[in-house]
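Enquirer: Have a look at this one.
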Amino acid sequence: TLESKPFFYEPQVDADAYDTWGQEIATRSVLGHEVFYMDPLYAYFLGAYYAAFGHDLYGVRFVQVVLGTSGCLALFLAGRRLLGTRPAFVALALAGFYETLILYDTALTKDFLGAVLMSWAIFGVTVATGSRRWGAWLGTGVLLGLLGLVRGNALLLLAAVMGGLLVGQHGAALRACGALVLGAALAILPATVRNIWVAGDVVLTTAQLGPNLYTGNHPGNETGRYEWPSFIITPSPRDEGPGFRKEAERRVARALRASEVDAFWLHEALAYIAANPVTFLRTTGKRLAVLFNRFEIPDSYSLYQMREFSWVLRLPLATFGWVVGPLGLLGLLIGRREWGRLGWLYLLFGAYVASIVVFFVFDRYRLPMIPPLVLFAALAVAELWKRLQRGEVRAL
């Protein structure tokens with residue numbers, strides 16, 4: 001329903017940056033010439049598609065929809081293992097009709113991949129904990145590593161799962177951790193080796209941690225929202241990286257490598273947080289509130305603007321504010337009694353929330369936390385239905 005609109009074939013902001021990058025990979029240079037600043041997996045997905053099928057923006061969106069739908073399948077399979085068949089169908093329906101996922105499955109940005117990979121990582125963890133085979137943990141590590149190439153902050157999930165294995169004192173915890181790390185390395189090391197090869201600079205994935213943390217925590221930002229520093233001309237991928245580099249080099253009065261620019265802004269952000277702990281806690285609290293707010297904060301795309309152009313998005317779909325958010329939080333409360341069965345789901349959900357609230361929040365940033373929240377929402381629906389069948393009106 002959006003194909004006839006101008007922006008469908010004329011990408012803007014992040015979509016334009018990734019589209020241009022994908023075309024460069026497909027037609028000019030696979031490796032590029034600088035350390036990654038933006039997360040690279042989606043760009044190489046576009047590059048591979050463009051190389052095989054040409055610059056077809058309709059076709060690539062169709063492939064994204066197929067991949068996005070596979071994430072719904074992953075949630076169903078994970079939900080059946082964790083909750084049972086009926087709640088799994090509820091999770092499938094909630095994910096399939098969740099409006100923001102529908103929007104971003106057709107958007108030329110990396111964000112749909114975050115939800116897809118999180119869904120399959122949840123399924124991978126359920127399989128791995130059920131079978132305790134190292135191959136299942138290896139595959140889960142690959143999925144978490146790929147997720148880290150879509151959202152760098154999601155690498156915290158890898159550390160959280162390793163911690164869960166070790167704290168849980170599983171019989172084969174060390175072997176499982178080794179398989180998990182090996183799988184993640186298989187996904188991440190190509191980006192690291194590529195950074196070293198093209199720039200002679202050791203950067204694990206991207207050189208964006210410091211600039212992003214500083215954007216959310218600097219003297220000009222006490223709201224917790226995305227408020228770019230005064231030395232950034234425009235908040236676009238084309239200006240952010242060069243802007244942070246130029247300002248860092250001005251302050252230290254020498255040329256810096258990408259890793260040094262990243263480390264400089266990380267130090268500046270941490271110094272600001274250490275000097276203003278009350279402000280940091282207050283702004284982090286605001287970010288946490290925004291993360292669970294019903295309003296979908298726009299960035300490259302606005303859900304509310306897209307509704308004006310698409311009758312599909314005007315349908316009575318599942319939303320965060322009226323369906324997934326409240327039911328998901330209720331499921332979090334209900335499921336606390338079944339920590340042994342749902343502990344990994346809590347861990348993945350909590351780790352992702354923790355990885356984002358120290359930065360800033362857009363609607364697309366919270367997409368990877370939707371899959372575990374959908375499963376908790378399905379748990380809540382199943383419990384409410386049981387109460388209703390038993391006539392426990394007061395409890396309901």
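Within each chain, counting starts at residue 1; across the structure tokens, chains are named A, B, ... in the order shown, with ligands numbered 1 upward in that order.
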For stretch 269-285 of chain A, find every residue with an atom within 8 Å (counting only C-alpha atoms), except residues of its own chain fewer than 2 positions away, and show them as number ranges by chain.
Expert: A: 210, 213-214, 217-219, 222-224, 265-267, 287-289, 357-358
Enquirer: With all heavy atoms kept, could you save the residues just selected as a tab-separated table (two decimals), in the first residue's frame?
Expert:
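Once written, out_0.tsv looks like this:
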chain	number	residue	atom	x	y	z
A	210	GLY	N	31.04	5.01	22.03
A	210	GLY	CA	31.32	6.26	22.71
A	210	GLY	C	30.43	7.42	22.26
A	210	GLY	O	29.81	8.10	23.08
A	213	LEU	N	26.82	6.85	23.54
A	213	LEU	CA	26.68	7.07	24.98
A	213	LEU	C	26.78	8.55	25.30
A	213	LEU	O	26.05	9.06	26.16
A	213	LEU	CB	27.74	6.28	25.74
A	213	LEU	CG	27.57	6.25	27.26
A	213	LEU	CD1	26.26	5.56	27.65
A	213	LEU	CD2	28.75	5.54	27.93
A	214	TYR	N	27.66	9.26	24.60
A	214	TYR	CA	27.79	10.70	24.84
A	214	TYR	C	26.55	11.45	24.38
A	214	TYR	O	26.13	12.42	25.03
A	214	TYR	CB	29.03	11.23	24.11
A	214	TYR	CG	29.34	12.68	24.43
A	214	TYR	CD1	30.00	13.01	25.61
A	214	TYR	CD2	28.96	13.71	23.58
A	214	TYR	CE1	30.28	14.35	25.93
A	214	TYR	CE2	29.23	15.04	23.88
A	214	TYR	CZ	29.89	15.35	25.05
A	214	TYR	OH	30.15	16.66	25.36
A	217	ASN	N	24.20	11.23	27.11
A	217	ASN	CA	24.70	11.70	28.41
A	217	ASN	C	25.78	12.75	28.22
A	217	ASN	O	26.97	12.45	28.23
A	217	ASN	CB	25.26	10.52	29.22
A	217	ASN	CG	24.25	9.40	29.41
A	217	ASN	OD1	23.45	9.43	30.33
A	217	ASN	ND2	24.29	8.40	28.53
A	218	HIS	N	25.36	13.99	28.02
A	218	HIS	CA	26.30	15.10	27.88
A	218	HIS	C	25.69	16.35	28.51
A	218	HIS	O	24.48	16.38	28.80
A	218	HIS	CB	26.69	15.32	26.42
A	218	HIS	CG	25.56	15.74	25.54
A	218	HIS	ND1	25.14	17.04	25.41
A	218	HIS	CD2	24.76	15.02	24.71
A	218	HIS	CE1	24.15	17.12	24.57
A	218	HIS	NE2	23.88	15.91	24.12
A	219	PRO	N	26.47	17.40	28.73
A	219	PRO	CA	25.96	18.57	29.45
A	219	PRO	C	24.73	19.22	28.82
A	219	PRO	O	23.99	19.92	29.51
A	219	PRO	CB	27.16	19.53	29.43
A	219	PRO	CG	28.34	18.64	29.33
A	219	PRO	CD	27.92	17.50	28.46
A	222	GLU	N	19.60	16.77	29.41
A	222	GLU	CA	19.06	16.35	30.69
A	222	GLU	C	17.67	15.76	30.56
A	222	GLU	O	16.96	15.58	31.54
A	222	GLU	CB	19.05	17.52	31.68
A	222	GLU	CG	20.45	18.03	32.04
A	222	GLU	CD	20.43	19.04	33.17
A	222	GLU	OE1	19.34	19.32	33.70
A	222	GLU	OE2	21.50	19.55	33.51
A	223	THR	N	17.27	15.49	29.33
A	223	THR	CA	15.94	14.93	29.08
A	223	THR	C	15.97	13.42	28.94
A	223	THR	O	14.95	12.76	29.11
A	223	THR	CB	15.35	15.52	27.79
A	223	THR	OG1	16.13	15.08	26.66
A	223	THR	CG2	15.34	17.04	27.82
A	224	GLY	N	17.15	12.87	28.60
A	224	GLY	CA	17.23	11.44	28.32
A	224	GLY	C	16.85	11.09	26.90
A	224	GLY	O	16.97	9.93	26.50
A	265	TRP	N	35.16	9.58	23.28
A	265	TRP	CA	33.79	9.95	23.63
A	265	TRP	C	33.22	9.04	24.71
A	265	TRP	O	32.38	9.48	25.51
A	265	TRP	CB	32.91	9.98	22.39
A	265	TRP	CG	33.29	11.10	21.48
A	265	TRP	CD1	33.82	11.01	20.22
A	265	TRP	CD2	33.19	12.49	21.78
A	265	TRP	NE1	34.06	12.26	19.72
A	265	TRP	CE2	33.68	13.20	20.65
A	265	TRP	CE3	32.74	13.23	22.87
A	265	TRP	CZ2	33.73	14.59	20.60
A	265	TRP	CZ3	32.79	14.61	22.82
A	265	TRP	CH2	33.28	15.28	21.69
A	266	LEU	N	33.68	7.80	24.76
A	266	LEU	CA	33.28	6.93	25.86
A	266	LEU	C	33.79	7.49	27.18
A	266	LEU	O	33.05	7.54	28.18
A	266	LEU	CB	33.82	5.52	25.63
A	266	LEU	CG	33.49	4.48	26.70
A	266	LEU	CD1	31.98	4.28	26.83
A	266	LEU	CD2	34.18	3.15	26.40
A	267	HIS	N	35.05	7.94	27.18
A	267	HIS	CA	35.62	8.54	28.39
A	267	HIS	C	34.88	9.81	28.76
A	267	HIS	O	34.58	10.05	29.95
A	267	HIS	CB	37.11	8.85	28.15
A	267	HIS	CG	37.76	9.55	29.31
A	267	HIS	ND1	37.81	10.94	29.43
A	267	HIS	CD2	38.37	9.06	30.42
A	267	HIS	CE1	38.42	11.26	30.54
A	267	HIS	NE2	38.78	10.14	31.16
A	287	ARG	N	14.28	7.66	30.50
A	287	ARG	CA	14.41	6.75	29.35
A	287	ARG	C	13.66	5.45	29.58
A	287	ARG	O	13.04	4.90	28.66
A	287	ARG	CB	15.89	6.49	29.07
A	287	ARG	CG	16.62	7.67	28.44
A	287	ARG	CD	18.04	7.30	28.05
A	287	ARG	NE	18.92	7.18	29.18
A	287	ARG	CZ	19.87	8.07	29.51
A	287	ARG	NH1	20.05	9.16	28.78
A	287	ARG	NH2	20.65	7.87	30.55
A	288	LEU	N	13.70	4.95	30.82
A	288	LEU	CA	12.97	3.73	31.13
A	288	LEU	C	11.47	3.95	30.97
A	288	LEU	O	10.75	3.09	30.44
A	288	LEU	CB	13.29	3.27	32.55
A	288	LEU	CG	12.77	1.90	32.97
A	288	LEU	CD1	13.36	0.80	32.11
A	288	LEU	CD2	13.06	1.65	34.45
A	289	ALA	N	10.99	5.10	31.42
A	289	ALA	CA	9.57	5.42	31.26
A	289	ALA	C	9.20	5.53	29.79
A	289	ALA	O	8.15	5.04	29.36
A	289	ALA	CB	9.25	6.72	31.99
A	357	VAL	N	18.65	1.59	28.02
A	357	VAL	CA	18.19	2.73	28.82
A	357	VAL	C	19.31	3.70	29.18
A	357	VAL	O	19.03	4.80	29.65
A	357	VAL	CB	17.48	2.26	30.11
A	357	VAL	CG1	16.20	1.54	29.79
A	357	VAL	CG2	18.40	1.41	30.97
A	358	VAL	N	20.55	3.33	28.97
A	358	VAL	CA	21.64	4.27	29.25
A	358	VAL	C	21.96	5.14	28.04
A	358	VAL	O	22.79	6.05	28.14
A	358	VAL	CB	22.92	3.52	29.71
A	358	VAL	CG1	22.67	2.81	31.03
A	358	VAL	CG2	23.39	2.56	28.64
Enquirer: Would you list the contacts of A:Glu34 as a list in words, taking every protein, DNA or RNA residue within 10 Å and counting only C-alpha atoms, but skipping same-chain residues closer than 4 positions in sequence?
Expert: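 My list of contacting residues is Arg194, Asn195, Ile196, Trp197, Val198, Ala199, Gly200, Asp201, Arg257 and Ala258 of chain A.
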Enquirer: Print the selection's residues with N, CA, C and O atoms to a file, as a compact mmCIF listing (two decimals), in the first residue's frame.
Expert:
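Just written: part32.txt:
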# COMPACT_ATOMS: atom_id res chain seq x y z
N ARG A 194 37.91 -7.47 9.13
CA ARG A 194 37.74 -6.48 8.06
C ARG A 194 38.19 -5.10 8.52
O ARG A 194 38.86 -4.35 7.79
N ASN A 195 37.83 -4.69 9.77
CA ASN A 195 38.25 -3.38 10.28
C ASN A 195 39.77 -3.28 10.35
O ASN A 195 40.36 -2.24 10.01
N ILE A 196 40.38 -4.36 10.80
CA ILE A 196 41.86 -4.36 10.88
C ILE A 196 42.46 -4.31 9.47
O ILE A 196 43.43 -3.59 9.22
N TRP A 197 41.89 -5.05 8.55
CA TRP A 197 42.42 -5.13 7.19
C TRP A 197 42.37 -3.79 6.47
O TRP A 197 43.35 -3.37 5.86
N VAL A 198 41.21 -3.12 6.53
CA VAL A 198 41.05 -1.90 5.73
C VAL A 198 41.59 -0.65 6.42
O VAL A 198 41.95 0.33 5.75
N ALA A 199 41.67 -0.67 7.77
CA ALA A 199 42.06 0.55 8.47
C ALA A 199 43.21 0.35 9.45
O ALA A 199 43.69 1.32 10.04
N GLY A 200 43.65 -0.89 9.63
CA GLY A 200 44.72 -1.13 10.58
C GLY A 200 44.34 -0.77 11.99
O GLY A 200 45.18 -0.38 12.80
N ASP A 201 43.05 -0.90 12.32
CA ASP A 201 42.53 -0.45 13.61
C ASP A 201 41.70 -1.58 14.22
O ASP A 201 40.82 -2.13 13.57
N ARG A 257 42.66 7.70 15.32
CA ARG A 257 42.06 6.55 14.65
C ARG A 257 40.62 6.40 15.14
O ARG A 257 40.23 6.97 16.16
N ALA A 258 39.86 5.60 14.42
CA ALA A 258 38.44 5.43 14.78
C ALA A 258 38.29 4.88 16.19
O ALA A 258 37.41 5.32 16.95
Enquirer: For each of A:Leu113, A:Ile370, A:Val381, A:Ala78, take the minimum atom-to-atom distance to A:Tyr42, counting only C-alpha atoms, then give the residue where this is smallest.
Expert: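 Closest to A:Tyr42, using only C-alpha atoms: A:Leu113.
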Enquirer: Considering only C-alpha atoms, give me a table of residues in stretch 106-143 of chain A that are at most 12 Å from stretch 13-22 of chain A, with the closest atom pair and distance in Å for each, as JSON lines.
Expert:
{"residue": "A:Thr106", "atom": "CA", "partner": "A:Ala15", "partner_atom": "CA", "distance": 11.2}
{"residue": "A:Ala107", "atom": "CA", "partner": "A:Ala15", "partner_atom": "CA", "distance": 7.6}
{"residue": "A:Leu108", "atom": "CA", "partner": "A:Ala15", "partner_atom": "CA", "distance": 5.0}
{"residue": "A:Thr109", "atom": "CA", "partner": "A:Ala15", "partner_atom": "CA", "distance": 5.3}
{"residue": "A:Lys110", "atom": "CA", "partner": "A:Tyr18", "partner_atom": "CA", "distance": 8.3}
{"residue": "A:Asp111", "atom": "CA", "partner": "A:Ala15", "partner_atom": "CA", "distance": 10.6}
Enquirer: Would you mind telling me which residue in A:Ala88, A:Ser310, A:Ala160, A:Ala93 lies nearest to A:Leu345 when using only C-alpha atoms?
Expert: A:Ala160
Enquirer: Run DSSP on the backbone of this structure and report the residues of stretch 54-262 of chain A it assigns to helix (DSSP H, G or I), as a PyMOL selection string.
Expert: chain A and resi 57-82+85-96+99-105+111-131+134-148+152-168+173-199+209-216+237-252+258-262
Enquirer: Considering only C-alpha atoms, return as a list in words whatever protein or nucleic-acid residues lie within 10 Å of A:Glu247, sequence-local ones (same chain, fewer than 6 positions apart) excluded.
Expert: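 The residues that qualify are Phe231, Ile232, Ala253, Val261 and Trp265 of chain A.
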Enquirer: Which residues, written as a list in words, have at least one atom at most 6 Å from A:Pro87, with only C-alpha atoms counted and residues fewer than 3 positions away on the same chain left out?
Expert: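 After dropping sequence-adjacent residues, the list is Gly84, Val90, Ala378 and Ala382 of chain A.
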Enquirer: Which residues, written as a PyMOL selection string, have at least one atom at most 9 Å from A:Tyr49, with only C-alpha atoms counted and residues fewer than 5 positions away on the same chain left out?
Expert: chain A and resi 22+26+44+54-56+59-60
Enquirer: Kindly indicate which residue among A:Lys386, A:Arg364, A:Thr129, A:Pro371 lies nearest to A:Leu92, using only C-alpha atoms for the distances.
Expert: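 Closest candidate: A:Pro371.
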